[in-house]
Amino acid sequence: MKKRILLVHTGGTIGSAFDKEKQCRVLAPGVADMTLLKRFMADTNATQEEIESLFGDSGLDEKNRTFSENMTYHKLDMILRNISTKNIDNYCGIIVLHGTDTLAYTSSLFSFAFSDTDIPIMMVSGNRPPDDEKSNANINFQTAVRLILEGIAPNVYVPYKNADGKMWLHIGSAIMQSPNYSEDFLCVSDRKSFCLNDADLSEVFSKCLELSGNRKKLPFELKNSELIDNGVLMILPYTGMDYAHYNLDGVKAIIHGSYHSGTVCVERNSEADEYNSNSLLWLADECDRRKIPIFVAPSKLTTDQYSSVLDLVKNSSAKLLDMTTESAYAKLLLAISCGYENLSEYMYMEISNEIIG
């Protein structure tokens, strides 16, 4: 097995430090990757020579690193193309250092973009800068290294230690954004998330191998030119929203989030009632006129669904997706960016363990 890991340093809290003068966290310019790696591996017995032998050159220039809250289409495209230009046959795995704020979006995007990659990709972040004694950056990084070197199956993973001390390994397409007032990450399915504390690693690896085998290649080729297209609009629901406020010019497709029970506002209680621009039915009508496909995630038809969900399905062209909002957005983004037209068939096709049910 090749004993070399590609490091892709995109920035984020894991690549930051506290600036006493500014009294805030800032990206740490001028800090060589080897300095950071020594800090990550300080709790291990690895020598500098071993660390240098293990890690290849950084996959992203220091000047292009960013806090993940400042992630844009252009920056995502740059990271994707940077990895795609590497000869990954030279590596046994990839570690992507990334901020926590948009980690779930990038891990979902990578899950689809690299769904046929035959080495594991670890998305590694930290709740605090690495030099903070309360940071989980070091243990997250060391866990990623260990899992790669011990031969975990190809997939996109997020190893992350929550505040309760439990170390989790999440499948990248099923992880959800960390909620406000929390530094923890949760996975939408216990079949796609593994607690590593005192776990039988062979059993975890066996389950990961099964999930890895379920992945499919994208039904289209990623372009070598500017990849990410900004034609996908994502809308999250809230009480009193008025869809007339949204400008749909230039929108090619919509991902619409749902409430915790998979519902959205259709406004009316009976299909015989009228509805106005507070209703998703109104937006669906507008989208039909403009030929804009609209998908709702996460939501699905069940034996105990609400009448509002049935109303939406029966009386609009909106499609329900049984996957996280983050995953649905990332999945659709790639298809739109590549000009793929058969969107409904593609969005229902499981590519990288994103379908939850």
# chains A, B, ... in the order shown; residues from 1 in each chain; ligands from 1
>>> select_by_dssp(residues="region 203-249 of chain A", states="strand (DSSP E)", output="list of chain:residue names")
A:Val232, A:Leu233, A:Met234, A:Ile235
>>> select_by_dssp(residues="region 203-306 of chain A", states="alpha helix (DSSP H)", output="PyMOL selection string")
chain A and resi 203-213+280-290
>>> write_last_selection(atoms="C-alpha atoms", output="PDB file, in the first residue's frame")
ATOM      1  CA  GLU A 203     -16.723  -4.058  11.860  1.00  0.00           C
ATOM      2  CA  VAL A 204     -16.712  -0.344  11.025  1.00  0.00           C
ATOM      3  CA  PHE A 205     -14.455  -1.000   8.036  1.00  0.00           C
ATOM      4  CA  SER A 206     -16.776  -3.768   6.860  1.00  0.00           C
ATOM      5  CA  LYS A 207     -19.788  -1.428   6.908  1.00  0.00           C
ATOM      6  CA  CYS A 208     -17.781   1.288   5.165  1.00  0.00           C
ATOM      7  CA  LEU A 209     -16.752  -1.196   2.485  1.00  0.00           C
ATOM      8  CA  GLU A 210     -20.409  -2.021   1.839  1.00  0.00           C
ATOM      9  CA  LEU A 211     -21.308   1.662   1.535  1.00  0.00           C
ATOM     10  CA  SER A 212     -18.327   2.241  -0.733  1.00  0.00           C
ATOM     11  CA  GLY A 213     -19.536  -0.518  -3.045  1.00  0.00           C
ATOM     12  CA  LEU A 280     -45.117  26.795  -2.235  1.00  0.00           C
ATOM     13  CA  LEU A 281     -47.872  25.890  -4.699  1.00  0.00           C
ATOM     14  CA  TRP A 282     -47.676  29.502  -5.932  1.00  0.00           C
ATOM     15  CA  LEU A 283     -43.903  29.233  -6.404  1.00  0.00           C
ATOM     16  CA  ALA A 284     -44.346  25.899  -8.196  1.00  0.00           C
ATOM     17  CA  ASP A 285     -46.783  27.567 -10.606  1.00  0.00           C
ATOM     18  CA  GLU A 286     -44.222  30.287 -11.294  1.00  0.00           C
ATOM     19  CA  CYS A 287     -41.531  27.670 -11.835  1.00  0.00           C
ATOM     20  CA  ASP A 288     -43.750  25.748 -14.257  1.00  0.00           C
ATOM     21  CA  ARG A 289     -44.219  28.888 -16.325  1.00  0.00           C
ATOM     22  CA  ARG A 290     -40.478  29.440 -16.425  1.00  0.00           C
TER      23      ARG A 290
END
>>> closest_atom_pairs(of="region 116-223 of chain A", to="region 346-352 of chain A", cutoff="9 Å", atoms="only C-alpha atoms", output="JSON lines")
{"residue": "A:Asn155", "atom": "CA", "partner": "A:Ser352", "partner_atom": "CA", "distance": 8.2}
{"residue": "A:Val156", "atom": "CA", "partner": "A:Ser352", "partner_atom": "CA", "distance": 8.9}
{"residue": "A:Gly172", "atom": "CA", "partner": "A:Ser352", "partner_atom": "CA", "distance": 8.8}
{"residue": "A:Ser173", "atom": "CA", "partner": "A:Ser352", "partner_atom": "CA", "distance": 6.7}
{"residue": "A:Leu211", "atom": "CA", "partner": "A:Ser352", "partner_atom": "CA", "distance": 8.2}
{"residue": "A:Ser212", "atom": "CA", "partner": "A:Ser352", "partner_atom": "CA", "distance": 8.0}
{"residue": "A:Asn214", "atom": "CA", "partner": "A:Ser352", "partner_atom": "CA", "distance": 7.1}
{"residue": "A:Arg215", "atom": "CA", "partner": "A:Ser352", "partner_atom": "CA", "distance": 4.7}
{"residue": "A:Lys216", "atom": "CA", "partner": "A:Ile351", "partner_atom": "CA", "distance": 4.8}
{"residue": "A:Lys217", "atom": "CA", "partner": "A:Ile351", "partner_atom": "CA", "distance": 6.8}
{"residue": "A:Leu218", "atom": "CA", "partner": "A:Ile351", "partner_atom": "CA", "distance": 6.9}
{"residue": "A:Pro219", "atom": "CA", "partner": "A:Tyr346", "partner_atom": "CA", "distance": 7.7}
>>> write_last_selection(atoms="C-alpha atoms", output="PDB file, in the first residue's frame")
ATOM      1  CA  ASN A 155     -15.517   7.258   0.157  1.00  0.00           C
ATOM      2  CA  VAL A 156     -15.786  10.793   1.467  1.00  0.00           C
ATOM      3  CA  GLY A 172     -19.857  12.822   3.723  1.00  0.00           C
ATOM      4  CA  SER A 173     -23.167  12.826   1.848  1.00  0.00           C
ATOM      5  CA  LEU A 211     -21.308   1.662   1.535  1.00  0.00           C
ATOM      6  CA  SER A 212     -18.327   2.241  -0.733  1.00  0.00           C
ATOM      7  CA  ASN A 214     -22.910   1.204  -3.421  1.00  0.00           C
ATOM      8  CA  ARG A 215     -21.420   4.310  -5.035  1.00  0.00           C
ATOM      9  CA  LYS A 216     -21.975   5.055  -8.711  1.00  0.00           C
ATOM     10  CA  LYS A 217     -20.203   7.185 -11.264  1.00  0.00           C
ATOM     11  CA  LEU A 218     -21.941  10.426 -12.184  1.00  0.00           C
ATOM     12  CA  PRO A 219     -24.079  10.087 -15.343  1.00  0.00           C
TER      13      PRO A 219
END
>>> atom_distance(atom1="CA of Arg39 (chain A)", atom2="CA of Ser53 (chain A)")
16.2 Å
>>> residues_around(residues="Pro298 (chain A)", least_positions_apart="2", cutoff="7 Å", atoms="only C-alpha atoms", output="list in words")
Gly257, Ser258, Gly262, Val296, Leu321, Asp322, Met323, Thr324 and Thr325 of chain A
>>> write_last_selection(atoms="N, CA and C atoms", output="PDB file, in the first residue's frame")
ATOM      1  N   GLY A 257     -35.882  23.694   1.123  1.00  0.00           N
ATOM      2  CA  GLY A 257     -35.810  22.949   2.364  1.00  0.00           C
ATOM      3  C   GLY A 257     -37.186  22.672   2.942  1.00  0.00           C
ATOM      4  N   SER A 258     -37.226  21.930   4.035  1.00  0.00           N
ATOM      5  CA  SER A 258     -38.494  21.586   4.673  1.00  0.00           C
ATOM      6  C   SER A 258     -38.373  21.759   6.175  1.00  0.00           C
ATOM      7  N   GLY A 262     -40.700  17.209   7.384  1.00  0.00           N
ATOM      8  CA  GLY A 262     -40.695  17.078   5.934  1.00  0.00           C
ATOM      9  C   GLY A 262     -41.778  17.877   5.243  1.00  0.00           C
ATOM     10  N   VAL A 296     -37.822  19.418  -3.253  1.00  0.00           N
ATOM     11  CA  VAL A 296     -37.974  19.659  -1.816  1.00  0.00           C
ATOM     12  C   VAL A 296     -37.182  18.600  -1.056  1.00  0.00           C
ATOM     13  N   LEU A 321     -37.336  14.785  -2.214  1.00  0.00           N
ATOM     14  CA  LEU A 321     -36.060  14.082  -2.165  1.00  0.00           C
ATOM     15  C   LEU A 321     -35.768  13.629  -0.742  1.00  0.00           C
ATOM     16  N   ASP A 322     -35.490  12.359  -0.591  1.00  0.00           N
ATOM     17  CA  ASP A 322     -35.185  11.795   0.727  1.00  0.00           C
ATOM     18  C   ASP A 322     -33.676  11.872   0.987  1.00  0.00           C
ATOM     19  N   MET A 323     -33.190  13.089   1.159  1.00  0.00           N
ATOM     20  CA  MET A 323     -31.782  13.335   1.463  1.00  0.00           C
ATOM     21  C   MET A 323     -31.666  14.690   2.145  1.00  0.00           C
ATOM     22  N   THR A 324     -30.528  14.962   2.730  1.00  0.00           N
ATOM     23  CA  THR A 324     -30.371  16.243   3.408  1.00  0.00           C
ATOM     24  C   THR A 324     -30.459  17.391   2.408  1.00  0.00           C
ATOM     25  N   THR A 325     -30.822  18.555   2.903  1.00  0.00           N
ATOM     26  CA  THR A 325     -30.856  19.743   2.052  1.00  0.00           C
ATOM     27  C   THR A 325     -29.473  20.031   1.480  1.00  0.00           C
TER      28      THR A 325
END
>>> closest_residue(among="A:Ala113, A:Ala137, A:Val124, A:Ala42", to="Leu334 (chain A)", atoms="only C-alpha atoms")
A:Ala113
>>> residues_around(residues="Ala28 (chain A)", least_positions_apart="2", cutoff="10 Å", atoms="only C-alpha atoms", output="list in words")
Gly11, Gly12, Thr13, Ile14, Gly15, Ser16, Ala17, Phe18, Asp19, Arg25, Val26, Gly30, Val31, Ala32, Glu62, Arg65 and Pro129 of chain A
>>> write_last_selection(atoms="N, CA and C atoms", output="short mmCIF file (atom, residue, chain, number, x, y, z; two decimals), in the first residue's frame")
data_model
loop_
_atom_site.label_atom_id
_atom_site.label_comp_id
_atom_site.auth_asym_id
_atom_site.auth_seq_id
_atom_site.Cartn_x
_atom_site.Cartn_y
_atom_site.Cartn_z
N GLY A 11 -8.04 26.13 4.40
CA GLY A 11 -8.18 27.19 5.40
C GLY A 11 -9.12 26.78 6.52
N GLY A 12 -9.94 27.71 6.99
CA GLY A 12 -10.88 27.42 8.07
C GLY A 12 -10.26 27.57 9.44
N THR A 13 -11.06 27.30 10.47
CA THR A 13 -10.59 27.40 11.85
C THR A 13 -9.36 26.52 12.09
N ILE A 14 -9.32 25.38 11.42
CA ILE A 14 -8.20 24.46 11.61
C ILE A 14 -6.89 25.05 11.09
N GLY A 15 -6.98 26.08 10.26
CA GLY A 15 -5.78 26.77 9.78
C GLY A 15 -5.71 28.20 10.27
N SER A 16 -6.25 28.44 11.47
CA SER A 16 -6.32 29.80 11.99
C SER A 16 -5.60 29.91 13.33
N ALA A 17 -5.53 31.15 13.81
CA ALA A 17 -4.96 31.42 15.13
C ALA A 17 -5.69 32.63 15.71
N PHE A 18 -5.59 32.79 17.02
CA PHE A 18 -6.24 33.93 17.67
C PHE A 18 -5.31 35.13 17.63
N ASP A 19 -5.81 36.23 17.08
CA ASP A 19 -5.05 37.47 17.00
C ASP A 19 -5.38 38.32 18.23
N ARG A 25 -10.35 35.47 15.67
CA ARG A 25 -9.63 34.44 14.95
C ARG A 25 -9.34 34.92 13.53
N VAL A 26 -8.12 34.68 13.08
CA VAL A 26 -7.72 35.07 11.73
C VAL A 26 -7.00 33.88 11.09
N GLY A 30 1.68 32.65 6.48
CA GLY A 30 3.10 32.46 6.74
C GLY A 30 3.43 31.21 7.53
N VAL A 31 2.43 30.43 7.92
CA VAL A 31 2.69 29.21 8.66
C VAL A 31 2.81 28.06 7.67
N ALA A 32 4.00 27.50 7.57
CA ALA A 32 4.23 26.42 6.61
C ALA A 32 3.39 25.21 6.98
N GLU A 62 -1.30 28.80 -0.34
CA GLU A 62 -1.66 29.46 0.91
C GLU A 62 -2.47 30.72 0.68
N ARG A 65 -6.37 30.26 0.53
CA ARG A 65 -7.12 29.68 1.64
C ARG A 65 -8.13 30.67 2.20
N PRO A 129 -8.95 26.80 16.89
CA PRO A 129 -7.62 26.72 16.28
C PRO A 129 -6.79 25.62 16.93
#
>>> atom_distance(atom1="CA of Asn82 (chain A)", atom2="CA of Glu183 (chain A)")
28.8 Å
>>> residues_around(residues="region 184-193 of chain A", least_positions_apart="3", cutoff="10 Å", atoms="only C-alpha atoms", output="PyMOL selection string")
chain A and resi 100+103-104+127+157-164+168-181+196+204+207-208+211+323-324+353-357
>>> closest_residue(among="A:Ser68, A:Gln305, A:Ser337, A:Asn269", to="Thr102 (chain A)", atoms="only C-alpha atoms")
A:Ser68
>>> closest_residue(among="A:Pro130, A:Gly165, A:Gly339, A:Pro120", to="Gly231 (chain A)", atoms="only C-alpha atoms")
A:Gly339
>>> residues_around(residues="Met241 (chain A)", least_positions_apart="2", cutoff="10 Å", atoms="only C-alpha atoms", output="list in words")
Leu236, Pro237, Tyr238, Thr239, Tyr243, Ala244, His245, Cys265, Ser277, Asn278, Ser279 and Leu280 of chain A
>>> write_last_selection(atoms="N, CA and C atoms", output="PDB file, in the first residue's frame")
ATOM      1  N   LEU A 236     -34.828  28.201   2.159  1.00  0.00           N
ATOM      2  CA  LEU A 236     -35.166  27.549   3.427  1.00  0.00           C
ATOM      3  C   LEU A 236     -36.456  28.150   3.968  1.00  0.00           C
ATOM      4  N   PRO A 237     -37.397  27.330   4.457  1.00  0.00           N
ATOM      5  CA  PRO A 237     -38.717  27.826   4.854  1.00  0.00           C
ATOM      6  C   PRO A 237     -38.707  28.560   6.194  1.00  0.00           C
ATOM      7  N   TYR A 238     -39.601  29.505   6.322  1.00  0.00           N
ATOM      8  CA  TYR A 238     -39.836  30.187   7.595  1.00  0.00           C
ATOM      9  C   TYR A 238     -41.267  30.720   7.592  1.00  0.00           C
ATOM     10  N   THR A 239     -41.797  30.941   8.762  1.00  0.00           N
ATOM     11  CA  THR A 239     -43.181  31.398   8.872  1.00  0.00           C
ATOM     12  C   THR A 239     -43.362  32.767   8.223  1.00  0.00           C
ATOM     13  N   TYR A 243     -43.176  34.215  -1.495  1.00  0.00           N
ATOM     14  CA  TYR A 243     -42.373  33.828  -2.652  1.00  0.00           C
ATOM     15  C   TYR A 243     -42.342  34.902  -3.732  1.00  0.00           C
ATOM     16  N   ALA A 244     -43.227  35.881  -3.653  1.00  0.00           N
ATOM     17  CA  ALA A 244     -43.202  36.977  -4.628  1.00  0.00           C
ATOM     18  C   ALA A 244     -41.961  37.841  -4.452  1.00  0.00           C
ATOM     19  N   HIS A 245     -41.282  37.713  -3.317  1.00  0.00           N
ATOM     20  CA  HIS A 245     -40.076  38.484  -3.067  1.00  0.00           C
ATOM     21  C   HIS A 245     -38.859  37.917  -3.786  1.00  0.00           C
ATOM     22  N   CYS A 265     -45.024  24.951   3.534  1.00  0.00           N
ATOM     23  CA  CYS A 265     -46.285  25.688   3.569  1.00  0.00           C
ATOM     24  C   CYS A 265     -46.988  25.630   2.218  1.00  0.00           C
ATOM     25  N   SER A 277     -49.189  33.920  -2.669  1.00  0.00           N
ATOM     26  CA  SER A 277     -47.735  33.837  -2.784  1.00  0.00           C
ATOM     27  C   SER A 277     -47.044  33.405  -1.496  1.00  0.00           C
ATOM     28  N   ASN A 278     -47.804  33.121  -0.429  1.00  0.00           N
ATOM     29  CA  ASN A 278     -47.227  32.505   0.765  1.00  0.00           C
ATOM     30  C   ASN A 278     -47.091  30.993   0.615  1.00  0.00           C
ATOM     31  N   SER A 279     -47.692  30.448  -0.442  1.00  0.00           N
ATOM     32  CA  SER A 279     -47.748  29.004  -0.632  1.00  0.00           C
ATOM     33  C   SER A 279     -46.666  28.533  -1.608  1.00  0.00           C
ATOM     34  N   LEU A 280     -46.065  27.387  -1.302  1.00  0.00           N
ATOM     35  CA  LEU A 280     -45.117  26.795  -2.235  1.00  0.00           C
ATOM     36  C   LEU A 280     -45.813  26.399  -3.534  1.00  0.00           C
TER      37      LEU A 280
END
